[in-house]
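Reproduced below: my_file_24.cif, with mmCIF, N, CA and C atoms.
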data_my_file
#
loop_
_atom_site.label_atom_id
_atom_site.label_comp_id
_atom_site.auth_asym_id
_atom_site.auth_seq_id
_atom_site.Cartn_x
_atom_site.Cartn_y
_atom_site.Cartn_z
N MET D 1 -22.77 29.07 -7.15
CA MET D 1 -22.08 28.09 -7.95
C MET D 1 -22.22 26.73 -7.29
N GLU D 2 -22.71 25.75 -8.05
CA GLU D 2 -22.90 24.41 -7.53
C GLU D 2 -21.62 23.60 -7.68
N THR D 3 -21.35 22.80 -6.67
CA THR D 3 -20.20 21.92 -6.74
C THR D 3 -20.70 20.54 -7.13
N ALA D 4 -20.20 20.01 -8.21
CA ALA D 4 -20.63 18.70 -8.67
C ALA D 4 -20.01 17.62 -7.79
N LEU D 5 -20.82 16.68 -7.39
CA LEU D 5 -20.31 15.56 -6.61
C LEU D 5 -19.56 14.62 -7.53
N PRO D 6 -18.47 14.05 -7.05
CA PRO D 6 -17.73 13.12 -7.90
C PRO D 6 -18.57 11.88 -8.17
N ILE D 7 -18.55 11.42 -9.40
CA ILE D 7 -19.30 10.23 -9.77
C ILE D 7 -18.44 9.02 -9.46
N ARG D 8 -18.99 8.12 -8.68
CA ARG D 8 -18.25 6.92 -8.31
C ARG D 8 -18.46 5.85 -9.38
N THR D 9 -17.40 5.16 -9.69
CA THR D 9 -17.47 4.09 -10.67
C THR D 9 -18.18 2.89 -10.07
N PRO D 10 -18.68 1.98 -10.92
CA PRO D 10 -19.29 0.76 -10.37
C PRO D 10 -18.34 -0.03 -9.48
N ALA D 11 -17.06 -0.04 -9.83
CA ALA D 11 -16.08 -0.76 -9.00
C ALA D 11 -15.97 -0.13 -7.62
N GLU D 12 -15.98 1.20 -7.55
CA GLU D 12 -15.91 1.88 -6.24
C GLU D 12 -17.17 1.62 -5.43
N ARG D 13 -18.34 1.64 -6.09
CA ARG D 13 -19.59 1.37 -5.38
C ARG D 13 -19.62 -0.07 -4.88
N LEU D 14 -19.13 -1.02 -5.69
CA LEU D 14 -19.08 -2.42 -5.28
C LEU D 14 -18.12 -2.59 -4.10
N ASP D 15 -16.98 -1.93 -4.15
CA ASP D 15 -16.02 -2.01 -3.07
C ASP D 15 -16.63 -1.52 -1.76
N ALA D 16 -17.34 -0.40 -1.81
CA ALA D 16 -17.99 0.13 -0.60
C ALA D 16 -19.09 -0.82 -0.12
N ALA D 17 -19.82 -1.41 -1.04
CA ALA D 17 -20.89 -2.33 -0.66
C ALA D 17 -20.33 -3.60 -0.02
N VAL D 18 -19.24 -4.13 -0.57
CA VAL D 18 -18.62 -5.32 0.01
C VAL D 18 -18.05 -5.00 1.39
N ASP D 19 -17.47 -3.81 1.56
CA ASP D 19 -17.00 -3.41 2.88
C ASP D 19 -18.16 -3.39 3.88
N ALA D 20 -19.31 -2.89 3.44
CA ALA D 20 -20.49 -2.88 4.32
C ALA D 20 -20.95 -4.29 4.63
N VAL D 21 -20.92 -5.18 3.64
CA VAL D 21 -21.32 -6.57 3.87
C VAL D 21 -20.38 -7.22 4.88
N LEU D 22 -19.09 -6.92 4.80
CA LEU D 22 -18.13 -7.50 5.73
C LEU D 22 -18.33 -7.03 7.16
N THR D 23 -18.96 -5.87 7.33
CA THR D 23 -19.25 -5.39 8.68
C THR D 23 -20.61 -5.87 9.17
N GLY D 24 -21.32 -6.65 8.33
CA GLY D 24 -22.58 -7.22 8.77
C GLY D 24 -23.82 -6.50 8.26
N ARG D 25 -23.67 -5.48 7.46
CA ARG D 25 -24.82 -4.76 6.92
C ARG D 25 -25.08 -5.22 5.50
N HIS D 26 -26.29 -5.00 5.03
CA HIS D 26 -26.63 -5.27 3.63
C HIS D 26 -27.03 -3.94 3.02
N PRO D 27 -26.09 -3.29 2.32
CA PRO D 27 -26.34 -1.93 1.82
C PRO D 27 -27.31 -1.93 0.63
N PRO D 28 -28.04 -0.85 0.47
CA PRO D 28 -28.88 -0.73 -0.72
C PRO D 28 -28.01 -0.40 -1.93
N VAL D 29 -28.16 -1.17 -2.98
CA VAL D 29 -27.39 -0.94 -4.21
C VAL D 29 -28.33 -1.01 -5.40
N GLY D 30 -27.85 -0.57 -6.53
CA GLY D 30 -28.64 -0.60 -7.75
C GLY D 30 -28.75 -2.01 -8.30
N PRO D 31 -29.58 -2.19 -9.30
CA PRO D 31 -29.81 -3.53 -9.85
C PRO D 31 -28.57 -4.15 -10.50
N GLU D 32 -27.63 -3.30 -10.96
CA GLU D 32 -26.43 -3.85 -11.60
C GLU D 32 -25.48 -4.48 -10.60
N LEU D 33 -25.51 -4.01 -9.34
CA LEU D 33 -24.60 -4.55 -8.33
C LEU D 33 -25.28 -5.52 -7.37
N ALA D 34 -26.60 -5.57 -7.39
CA ALA D 34 -27.33 -6.40 -6.43
C ALA D 34 -26.91 -7.87 -6.47
N PRO D 35 -26.75 -8.51 -7.63
CA PRO D 35 -26.33 -9.92 -7.62
C PRO D 35 -24.95 -10.13 -6.99
N LEU D 36 -24.05 -9.19 -7.23
CA LEU D 36 -22.70 -9.33 -6.66
C LEU D 36 -22.70 -9.14 -5.15
N VAL D 37 -23.50 -8.17 -4.68
CA VAL D 37 -23.58 -7.93 -3.24
C VAL D 37 -24.28 -9.10 -2.55
N ASP D 38 -25.30 -9.65 -3.20
CA ASP D 38 -25.97 -10.83 -2.64
C ASP D 38 -25.01 -12.01 -2.54
N ALA D 39 -24.18 -12.19 -3.59
CA ALA D 39 -23.20 -13.28 -3.56
C ALA D 39 -22.18 -13.06 -2.45
N ALA D 40 -21.74 -11.82 -2.27
CA ALA D 40 -20.79 -11.52 -1.19
C ALA D 40 -21.42 -11.80 0.17
N SER D 41 -22.69 -11.46 0.31
CA SER D 41 -23.38 -11.69 1.58
C SER D 41 -23.53 -13.19 1.85
N LEU D 42 -23.92 -13.95 0.82
CA LEU D 42 -24.04 -15.40 0.98
C LEU D 42 -22.69 -16.04 1.29
N LEU D 43 -21.66 -15.58 0.64
CA LEU D 43 -20.32 -16.11 0.88
C LEU D 43 -19.87 -15.81 2.31
N ARG D 44 -20.15 -14.61 2.77
CA ARG D 44 -19.77 -14.24 4.15
C ARG D 44 -20.49 -15.11 5.16
N SER D 45 -21.77 -15.38 4.94
CA SER D 45 -22.52 -16.20 5.90
C SER D 45 -22.16 -17.68 5.80
N ALA D 46 -21.69 -18.15 4.62
CA ALA D 46 -21.36 -19.56 4.45
C ALA D 46 -19.99 -19.91 5.01
N LEU D 47 -19.08 -18.96 5.00
CA LEU D 47 -17.73 -19.26 5.47
C LEU D 47 -17.58 -18.89 6.94
N PRO D 48 -17.09 -19.81 7.76
CA PRO D 48 -16.87 -19.47 9.17
C PRO D 48 -15.64 -18.57 9.30
N THR D 49 -15.62 -17.78 10.34
CA THR D 49 -14.43 -16.96 10.57
C THR D 49 -13.31 -17.86 11.08
N LEU D 50 -12.13 -17.62 10.60
CA LEU D 50 -10.99 -18.43 11.00
C LEU D 50 -10.33 -17.81 12.23
N PRO D 51 -10.14 -18.58 13.25
CA PRO D 51 -9.46 -18.03 14.43
C PRO D 51 -7.97 -17.87 14.14
N ALA D 52 -7.40 -16.87 14.70
CA ALA D 52 -5.97 -16.66 14.54
C ALA D 52 -5.23 -17.66 15.41
N GLY D 53 -4.10 -18.11 14.94
CA GLY D 53 -3.31 -19.07 15.70
C GLY D 53 -2.68 -18.41 16.92
N THR D 54 -2.35 -19.22 17.89
CA THR D 54 -1.76 -18.68 19.12
C THR D 54 -0.38 -18.08 18.85
N ARG D 55 0.38 -18.69 17.92
CA ARG D 55 1.70 -18.14 17.62
C ARG D 55 1.58 -16.76 16.96
N PHE D 56 0.60 -16.64 16.06
CA PHE D 56 0.37 -15.33 15.42
C PHE D 56 -0.02 -14.30 16.47
N GLU D 57 -0.93 -14.66 17.37
CA GLU D 57 -1.38 -13.71 18.40
C GLU D 57 -0.22 -13.31 19.30
N ALA D 58 0.64 -14.25 19.64
CA ALA D 58 1.78 -13.93 20.50
C ALA D 58 2.75 -12.98 19.79
N ARG D 59 3.03 -13.24 18.50
CA ARG D 59 3.92 -12.35 17.75
C ARG D 59 3.33 -10.96 17.60
N LEU D 60 2.02 -10.91 17.32
CA LEU D 60 1.36 -9.62 17.18
C LEU D 60 1.39 -8.86 18.50
N ALA D 61 1.12 -9.54 19.60
CA ALA D 61 1.13 -8.89 20.91
C ALA D 61 2.53 -8.35 21.23
N SER D 62 3.56 -9.11 20.90
CA SER D 62 4.93 -8.63 21.20
C SER D 62 5.28 -7.43 20.33
N ARG D 63 4.82 -7.42 19.08
CA ARG D 63 5.09 -6.26 18.22
C ARG D 63 4.35 -5.03 18.69
N LEU D 64 3.13 -5.21 19.15
CA LEU D 64 2.35 -4.06 19.61
C LEU D 64 2.83 -3.55 20.96
N ALA D 65 3.37 -4.45 21.77
CA ALA D 65 3.81 -4.06 23.11
C ALA D 65 5.04 -3.18 23.07
N ALA D 66 5.98 -3.48 22.19
CA ALA D 66 7.22 -2.71 22.14
C ALA D 66 7.62 -2.50 20.68
N PRO D 67 7.95 -1.28 20.33
CA PRO D 67 8.41 -1.05 18.96
C PRO D 67 9.74 -1.77 18.75
N PRO D 68 10.04 -2.09 17.51
CA PRO D 68 11.28 -2.83 17.25
C PRO D 68 12.51 -2.02 17.64
N GLY D 69 13.43 -2.68 18.29
CA GLY D 69 14.67 -2.03 18.67
C GLY D 69 15.69 -2.14 17.56
N VAL D 70 16.84 -1.57 17.79
CA VAL D 70 17.90 -1.59 16.79
C VAL D 70 18.34 -3.01 16.51
N ALA D 71 18.40 -3.84 17.56
CA ALA D 71 18.84 -5.23 17.37
C ALA D 71 17.88 -5.99 16.46
N GLN D 72 16.58 -5.76 16.61
CA GLN D 72 15.60 -6.43 15.76
C GLN D 72 15.71 -5.94 14.31
N ILE D 73 15.95 -4.67 14.13
CA ILE D 73 16.08 -4.13 12.78
C ILE D 73 17.33 -4.69 12.12
N VAL D 74 18.44 -4.75 12.86
CA VAL D 74 19.68 -5.31 12.31
C VAL D 74 19.48 -6.78 11.96
N ALA D 75 18.79 -7.52 12.80
CA ALA D 75 18.53 -8.94 12.53
C ALA D 75 17.67 -9.10 11.28
N ALA D 76 16.66 -8.25 11.12
CA ALA D 76 15.80 -8.32 9.94
C ALA D 76 16.57 -7.99 8.67
N VAL D 77 17.43 -6.98 8.73
CA VAL D 77 18.25 -6.62 7.56
C VAL D 77 19.22 -7.75 7.24
N GLY D 78 19.81 -8.35 8.27
CA GLY D 78 20.73 -9.47 8.06
C GLY D 78 20.04 -10.66 7.42
N GLU D 79 18.83 -10.95 7.88
CA GLU D 79 18.08 -12.09 7.32
C GLU D 79 17.70 -11.81 5.87
N ALA D 80 17.29 -10.60 5.57
CA ALA D 80 16.94 -10.24 4.19
C ALA D 80 18.18 -10.30 3.29
N THR D 81 19.31 -9.87 3.81
CA THR D 81 20.56 -9.91 3.04
C THR D 81 20.95 -11.35 2.74
N ARG D 82 20.88 -12.23 3.75
CA ARG D 82 21.21 -13.64 3.52
C ARG D 82 20.29 -14.25 2.48
N ARG D 83 19.00 -13.92 2.55
CA ARG D 83 18.03 -14.46 1.59
C ARG D 83 18.35 -13.98 0.18
N GLU D 84 18.69 -12.72 0.04
CA GLU D 84 18.96 -12.18 -1.29
C GLU D 84 20.30 -12.65 -1.84
N LEU D 85 21.28 -12.89 -0.97
CA LEU D 85 22.59 -13.33 -1.45
C LEU D 85 22.54 -14.75 -2.01
N ARG D 86 21.50 -15.51 -1.67
CA ARG D 86 21.35 -16.84 -2.25
C ARG D 86 21.01 -16.77 -3.73
N HIS D 87 20.50 -15.64 -4.18
CA HIS D 87 20.10 -15.46 -5.58
C HIS D 87 20.88 -14.28 -6.16
N PRO D 88 22.03 -14.53 -6.78
CA PRO D 88 22.85 -13.44 -7.31
C PRO D 88 22.12 -12.55 -8.31
N ALA D 89 21.20 -13.11 -9.08
CA ALA D 89 20.46 -12.29 -10.05
C ALA D 89 19.63 -11.24 -9.33
N ARG D 90 19.01 -11.63 -8.23
CA ARG D 90 18.23 -10.67 -7.45
C ARG D 90 19.12 -9.55 -6.92
N LEU D 91 20.30 -9.94 -6.46
CA LEU D 91 21.22 -8.95 -5.92
C LEU D 91 21.64 -7.96 -7.00
N LEU D 92 21.90 -8.46 -8.21
CA LEU D 92 22.28 -7.60 -9.32
C LEU D 92 21.14 -6.64 -9.68
N ILE D 93 19.92 -7.18 -9.76
CA ILE D 93 18.77 -6.34 -10.09
C ILE D 93 18.52 -5.32 -8.99
N THR D 94 18.61 -5.76 -7.73
CA THR D 94 18.40 -4.84 -6.61
C THR D 94 19.43 -3.72 -6.63
N GLY D 95 20.68 -4.07 -6.91
CA GLY D 95 21.72 -3.05 -6.98
C GLY D 95 21.47 -2.06 -8.10
N ALA D 96 21.06 -2.57 -9.25
CA ALA D 96 20.79 -1.69 -10.39
C ALA D 96 19.62 -0.76 -10.08
N LEU D 97 18.57 -1.30 -9.49
CA LEU D 97 17.41 -0.47 -9.16
C LEU D 97 17.74 0.56 -8.10
N SER D 98 18.50 0.17 -7.09
CA SER D 98 18.83 1.14 -6.05
C SER D 98 19.75 2.23 -6.59
N SER D 99 20.64 1.87 -7.51
CA SER D 99 21.49 2.88 -8.13
C SER D 99 20.67 3.85 -8.96
N ALA D 100 19.71 3.32 -9.71
CA ALA D 100 18.84 4.17 -10.51
C ALA D 100 18.01 5.09 -9.62
N ALA D 101 17.49 4.54 -8.52
CA ALA D 101 16.69 5.36 -7.60
C ALA D 101 17.55 6.44 -6.96
N PHE D 102 18.78 6.11 -6.59
CA PHE D 102 19.67 7.11 -6.01
C PHE D 102 19.98 8.20 -7.03
N GLY D 103 20.28 7.80 -8.25
CA GLY D 103 20.57 8.77 -9.30
C GLY D 103 19.39 9.69 -9.56
N LEU D 104 18.19 9.13 -9.57
CA LEU D 104 16.99 9.93 -9.76
C LEU D 104 16.81 10.91 -8.61
N GLY D 105 17.06 10.45 -7.39
CA GLY D 105 16.95 11.33 -6.22
C GLY D 105 17.92 12.48 -6.29
N VAL D 106 19.15 12.20 -6.70
CA VAL D 106 20.16 13.26 -6.82
C VAL D 106 19.75 14.25 -7.90
N THR D 107 19.24 13.75 -9.02
CA THR D 107 18.81 14.62 -10.11
C THR D 107 17.68 15.53 -9.68
N VAL D 108 16.68 14.97 -9.02
CA VAL D 108 15.53 15.76 -8.55
C VAL D 108 16.00 16.81 -7.55
N SER D 109 16.90 16.41 -6.66
CA SER D 109 17.41 17.35 -5.67
C SER D 109 18.15 18.51 -6.35
N ALA D 110 18.94 18.20 -7.36
CA ALA D 110 19.67 19.25 -8.08
C ALA D 110 18.72 20.18 -8.81
N ILE D 111 17.68 19.63 -9.42
CA ILE D 111 16.70 20.46 -10.13
C ILE D 111 15.97 21.38 -9.15
N ARG D 112 15.57 20.83 -8.02
CA ARG D 112 14.88 21.66 -7.02
C ARG D 112 15.78 22.77 -6.49
N ARG D 113 17.04 22.42 -6.23
CA ARG D 113 17.98 23.42 -5.73
C ARG D 113 18.15 24.55 -6.73
N GLY D 114 18.29 24.16 -8.00
CA GLY D 114 18.44 25.16 -9.04
C GLY D 114 17.21 26.04 -9.17
N ALA D 115 16.03 25.43 -9.04
CA ALA D 115 14.78 26.20 -9.13
C ALA D 115 14.67 27.17 -7.97
N ARG D 116 15.05 26.73 -6.78
CA ARG D 116 14.99 27.63 -5.61
C ARG D 116 15.98 28.78 -5.76
N ARG D 117 17.18 28.45 -6.25
CA ARG D 117 18.20 29.47 -6.43
C ARG D 117 17.74 30.50 -7.46
N ASP D 118 17.13 30.03 -8.57
CA ASP D 118 16.62 30.94 -9.59
C ASP D 118 15.48 31.79 -9.06
N ALA D 119 14.61 31.18 -8.24
CA ALA D 119 13.48 31.92 -7.67
C ALA D 119 13.98 32.98 -6.70
N ALA D 120 15.02 32.64 -5.93
CA ALA D 120 15.57 33.61 -4.98
C ALA D 120 16.25 34.77 -5.72
N ALA D 121 16.81 34.49 -6.88
CA ALA D 121 17.49 35.54 -7.65
C ALA D 121 16.49 36.38 -8.47
N GLY D 122 15.23 35.95 -8.53
CA GLY D 122 14.21 36.70 -9.25
C GLY D 122 14.11 36.31 -10.70
N ALA D 123 14.75 35.25 -11.11
CA ALA D 123 14.68 34.81 -12.51
C ALA D 123 13.31 34.21 -12.78
N PRO D 124 12.75 34.44 -13.96
CA PRO D 124 11.46 33.83 -14.29
C PRO D 124 11.61 32.33 -14.47
N PRO D 125 10.57 31.56 -14.17
CA PRO D 125 10.68 30.11 -14.35
C PRO D 125 10.83 29.72 -15.81
N ALA D 126 11.53 28.66 -16.08
CA ALA D 126 11.75 28.21 -17.45
C ALA D 126 10.45 27.75 -18.07
N GLN D 127 10.28 28.07 -19.35
CA GLN D 127 9.07 27.66 -20.07
C GLN D 127 9.26 26.24 -20.57
N ARG D 128 8.18 25.49 -20.59
CA ARG D 128 8.22 24.11 -21.10
C ARG D 128 7.77 24.06 -22.50
#
Can you dump the structure from the file as structure tokens?
Amino acid sequence: METALPIRTPAERLDAAVDAVLTGRHPPVGPELAPLVDAASLLRSALPTLPAGTRFEARLASRLAAPPGVAQIVAAVGEATRRELRHPARLLITGALSSAAFGLGVTVSAIRRGARRDAAAGAPPAQR
């Protein structure tokens, strides 16, 4: 039995080709993608690489050196809360969405519990 290989869409092939161009290679592509890959290659060679700022590098190094502690997490939550409290509409929408998500989670949990209980009792699964 032969296993058919998945057919990649032109968008997926272009994405892979652009990834290759970004690493410095020029991949072989079909005639439909060749102009786009050539444009990506020309664009890559025309634009200089931007150096990262020293402040960015320092922040990145500090994040990589130590995982965030509880104090940093509390500060981030506090800052996000202050930002959201400036916009009451956002707070209302956020509350509504979080309530809906919680309700959905409780419903899914109850359905799973019921299914496990029925399976343990030997009941056949419900037909759809």
Residue set, region 13-127 of chain D restricted to helix (DSSP H, G or I), as a ChimeraX atom specification
/D:13-22,34-46,54-65,70-85,88-121
Give me, please, the distance in Å between CA of Leu14 (chain D) and CA of Val29 (chain D), quoted to one decimal.
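One can read the CA of Leu14 (chain D) to CA of Val29 (chain D) distance as 8.5 Å.
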Point-to-point distance in Å for CA of Thr94 (chain D) and atom N of Ile73 (chain D)
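Those two atoms sit 20.9 Å apart.
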Just give me the gap between CA of Pro10 (chain D) and CA of His26 (chain D) in Å, one decimal is fine.
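We find that CA of Pro10 (chain D) and CA of His26 (chain D) lie 16.9 Å from each other.
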Around all of region 94-112 of chain D's listed atoms, make the axis-aligned box with 6 Å on each side and tell me centre and edge lengths in Å to one decimal, as lines of an AutoDock Vina configuration file.
center_x = 18.3
center_y = 8.5
center_z = -8.1
size_x = 18.8
size_y = 40.5
size_z = 16.8
Using only C-alpha atoms, list the residues that have an atom at most 12 Å from (-26.4, -3.1, -9.4), coordinates as in the file, as a PyMOL selection string.
chain D and resi 9-11+13-14+17+27-38
